[in-house]
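In what follows, a single structure is set out as structure tokens and then discussed.
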Amino acid sequence: MGLVLNLGLAQLEIGELDAATESLRNAVLLGGNHSESHFDLALAYERRGLLADAEREMQASIQLNPDQPDARDALGVIYAEEGKPLRASAVWQGLVREMPDYAPARTNLSLLGSQSGSQSARVGK
């Protein structure tokens with residue numbers, strides 16, 4: 001599974017989104033209980049604009065490992081992109097409450113508060 005996951009990450013990094021998605025789907029199939037595979041597949045789906053798929057995979061990643069703030073933050077981004085600002089805000093507020101120094105959630109909350117309905121927040125990377 002590790003090789004397939006690394007291949008998918010490399011493909012994602014260079015922008016080969018279709019190939020990355022396929023590799024990361026295979027990584028999920030090979031190691032379905034590995035939260036990182038679901039997380040990375042969610043990122044590929046999000047970058048392709050397949051937001052419902054991204055949401056599902058990010059939720060699977062969080063279910064497997066709830067102690068990953070980056071996945072929770074990314075789920076907030078996906079919600080914002082889906083036009084679900086209340087859900088996004090709730091995710092980020094929860095992160096800020098639990099981890100006051102977690103900058104990406106604070107940044108995304110600020111962006112969400114300053115945006116019109118036509119734009120969506122992005123993860124601060």
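A note on labels: chains of the structure tokens are A, B, ... as shown, every chain counts residues from 1, and ligands are counted from 1 in their shown order.
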TODO: Please provide the set of residues having any atom within 9 Å of Asp18 (chain A), restricted to only C-alpha atoms, with same-chain residues fewer than 5 positions apart removed, written as a ChimeraX atom specification.
DONE: /A:11-12,23,44,48
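By chain and then residue number, the residues within 8 Å of Ala88 (chain A) are Leu75, Gly76, Val77, Ile78, Tyr79 and Ala80 of chain A, counting only C-alpha atoms and disregarding those fewer than 6 positions away in sequence.
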With N, CA and C atoms retained, could you export that selection as a short mmCIF file (atom, residue, chain, number, x, y, z; two decimals), in the first residue's frame?
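Written output follows (result.cif):
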data_model
loop_
_atom_site.label_atom_id
_atom_site.label_comp_id
_atom_site.auth_asym_id
_atom_site.auth_seq_id
_atom_site.Cartn_x
_atom_site.Cartn_y
_atom_site.Cartn_z
N LEU A 75 -11.82 19.39 5.98
CA LEU A 75 -13.25 19.15 5.88
C LEU A 75 -14.01 20.47 5.93
N GLY A 76 -13.56 21.39 6.77
CA GLY A 76 -14.16 22.72 6.80
C GLY A 76 -14.04 23.42 5.46
N VAL A 77 -12.89 23.29 4.82
CA VAL A 77 -12.69 23.89 3.49
C VAL A 77 -13.67 23.29 2.49
N ILE A 78 -13.81 21.97 2.54
CA ILE A 78 -14.72 21.30 1.61
C ILE A 78 -16.15 21.80 1.84
N TYR A 79 -16.55 21.89 3.11
CA TYR A 79 -17.89 22.42 3.40
C TYR A 79 -18.05 23.83 2.83
N ALA A 80 -17.04 24.68 3.01
CA ALA A 80 -17.12 26.05 2.49
C ALA A 80 -17.26 26.04 0.96
#
Open item on the list: I need the residues of chain A that end up classed as helix (DSSP H, G or I) by DSSP on the backbone, written out as JSON, numbers by chain.
Closed with: {"A": [2, 3, 4, 5, 6, 7, 8, 9, 10, 11, 12, 13, 17, 18, 19, 20, 21, 22, 23, 24, 25, 26, 27, 28, 29, 30, 35, 36, 37, 38, 39, 40, 41, 42, 43, 44, 45, 46, 47, 48, 51, 52, 53, 54, 55, 56, 57, 58, 59, 60, 61, 62, 63, 64, 69, 70, 71, 72, 73, 74, 75, 76, 77, 78, 79, 80, 81, 85, 86, 87, 88, 89, 90, 91, 92, 93, 94, 95, 96, 97, 98, 103, 104, 105, 106, 107, 108, 109, 110, 111, 112, 113, 114]}
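Nearest residue to His34 (chain A) among A:Gly2, A:Pro85, A:Gly113, A:Gly49 is A:Gly2, counting only C-alpha atoms.
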Identify, on the basis of only C-alpha atoms, every residue whose closest approach to region 24-26 of chain A does not exceed 6 Å; exclude the query and any residue fewer than 2 positions from it along the same chain; express the result as a PDB file with all heavy atoms, in the first residue's frame.
ATOM      1  N   LEU A   5       0.456   4.563  -2.319  1.00  0.00           N
ATOM      2  CA  LEU A   5       0.162   5.846  -1.672  1.00  0.00           C
ATOM      3  C   LEU A   5       1.204   6.884  -2.060  1.00  0.00           C
ATOM      4  O   LEU A   5       0.860   8.013  -2.435  1.00  0.00           O
ATOM      5  CB  LEU A   5       0.118   5.673  -0.148  1.00  0.00           C
ATOM      6  CG  LEU A   5      -0.142   6.932   0.678  1.00  0.00           C
ATOM      7  CD1 LEU A   5      -1.500   7.535   0.337  1.00  0.00           C
ATOM      8  CD2 LEU A   5      -0.058   6.612   2.164  1.00  0.00           C
ATOM      9  N   GLY A   8       0.689   7.999  -5.615  1.00  0.00           N
ATOM     10  CA  GLY A   8      -0.443   8.919  -5.690  1.00  0.00           C
ATOM     11  C   GLY A   8      -0.095  10.304  -5.183  1.00  0.00           C
ATOM     12  O   GLY A   8      -0.500  11.317  -5.777  1.00  0.00           O
ATOM     13  N   ALA A  20      -3.406  10.560 -10.047  1.00  0.00           N
ATOM     14  CA  ALA A  20      -3.324  10.582  -8.583  1.00  0.00           C
ATOM     15  C   ALA A  20      -4.574   9.991  -7.967  1.00  0.00           C
ATOM     16  O   ALA A  20      -4.497   9.196  -7.016  1.00  0.00           O
ATOM     17  CB  ALA A  20      -3.117  12.014  -8.090  1.00  0.00           C
ATOM     18  N   THR A  21      -5.722  10.363  -8.510  1.00  0.00           N
ATOM     19  CA  THR A  21      -6.981   9.849  -7.977  1.00  0.00           C
ATOM     20  C   THR A  21      -7.031   8.335  -8.097  1.00  0.00           C
ATOM     21  O   THR A  21      -7.400   7.638  -7.148  1.00  0.00           O
ATOM     22  CB  THR A  21      -8.185  10.488  -8.704  1.00  0.00           C
ATOM     23  OG1 THR A  21      -8.114  11.906  -8.541  1.00  0.00           O
ATOM     24  CG2 THR A  21      -9.500   9.977  -8.164  1.00  0.00           C
ATOM     25  N   GLU A  22      -6.619   7.815  -9.228  1.00  0.00           N
ATOM     26  CA  GLU A  22      -6.627   6.363  -9.432  1.00  0.00           C
ATOM     27  C   GLU A  22      -5.670   5.673  -8.464  1.00  0.00           C
ATOM     28  O   GLU A  22      -6.014   4.668  -7.839  1.00  0.00           O
ATOM     29  CB  GLU A  22      -6.262   6.028 -10.878  1.00  0.00           C
ATOM     30  CG  GLU A  22      -6.396   4.566 -11.215  1.00  0.00           C
ATOM     31  CD  GLU A  22      -7.820   4.028 -11.089  1.00  0.00           C
ATOM     32  OE1 GLU A  22      -8.784   4.783 -11.283  1.00  0.00           O
ATOM     33  OE2 GLU A  22      -7.959   2.826 -10.778  1.00  0.00           O
ATOM     34  N   VAL A  28      -6.512   3.251  -0.987  1.00  0.00           N
ATOM     35  CA  VAL A  28      -7.643   3.065  -0.070  1.00  0.00           C
ATOM     36  C   VAL A  28      -8.121   1.620  -0.113  1.00  0.00           C
ATOM     37  O   VAL A  28      -8.396   1.016   0.924  1.00  0.00           O
ATOM     38  CB  VAL A  28      -8.790   4.053  -0.385  1.00  0.00           C
ATOM     39  CG1 VAL A  28     -10.084   3.656   0.310  1.00  0.00           C
ATOM     40  CG2 VAL A  28      -8.394   5.477   0.006  1.00  0.00           C
ATOM     41  N   LEU A  29      -8.199   1.046  -1.311  1.00  0.00           N
ATOM     42  CA  LEU A  29      -8.635  -0.343  -1.436  1.00  0.00           C
ATOM     43  C   LEU A  29      -7.659  -1.302  -0.744  1.00  0.00           C
ATOM     44  O   LEU A  29      -8.078  -2.268  -0.116  1.00  0.00           O
ATOM     45  CB  LEU A  29      -8.788  -0.730  -2.906  1.00  0.00           C
ATOM     46  CG  LEU A  29      -9.957  -0.090  -3.650  1.00  0.00           C
ATOM     47  CD1 LEU A  29      -9.896  -0.438  -5.134  1.00  0.00           C
ATOM     48  CD2 LEU A  29     -11.282  -0.535  -3.051  1.00  0.00           C
ATOM     49  N   LEU A  41      -6.781  10.905  -0.745  1.00  0.00           N
ATOM     50  CA  LEU A  41      -7.792  10.747  -1.793  1.00  0.00           C
ATOM     51  C   LEU A  41      -8.788  11.906  -1.726  1.00  0.00           C
ATOM     52  O   LEU A  41      -9.189  12.445  -2.762  1.00  0.00           O
ATOM     53  CB  LEU A  41      -8.510   9.404  -1.672  1.00  0.00           C
ATOM     54  CG  LEU A  41      -9.599   9.118  -2.706  1.00  0.00           C
ATOM     55  CD1 LEU A  41      -9.071   9.234  -4.137  1.00  0.00           C
ATOM     56  CD2 LEU A  41     -10.205   7.735  -2.458  1.00  0.00           C
TER      57      LEU A  41
END
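With only C-alpha atoms as the atoms that count, the minimum distance from Tyr45 (chain A) to the choices A:Gly31, A:Leu17, A:Gly94, A:Pro66 is reached by A:Leu17.
Reported to one decimal place, the separation of CA of Ala105 (chain A) from CA of Asp73 (chain A) is 6.0 Å.
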- [ ] Tell me which of A:Glu81, A:Gly32, A:Leu9, A:Ala103 sits closest to Ala54 (chain A), counting only C-alpha atoms.
- [x] A:Glu81
- [ ] State, in Å with one decimal place, the distance from CA of Ser35 (chain A) to CA of Ile62 (chain A).
- [x] 7.1 Å
Open item on the list: My list of candidates is A:Asn65, A:Leu3, A:His38, A:Ala27. Which is closest to Asp53 (chain A) when distances are computed with only C-alpha atoms?
Closed with: A:His38
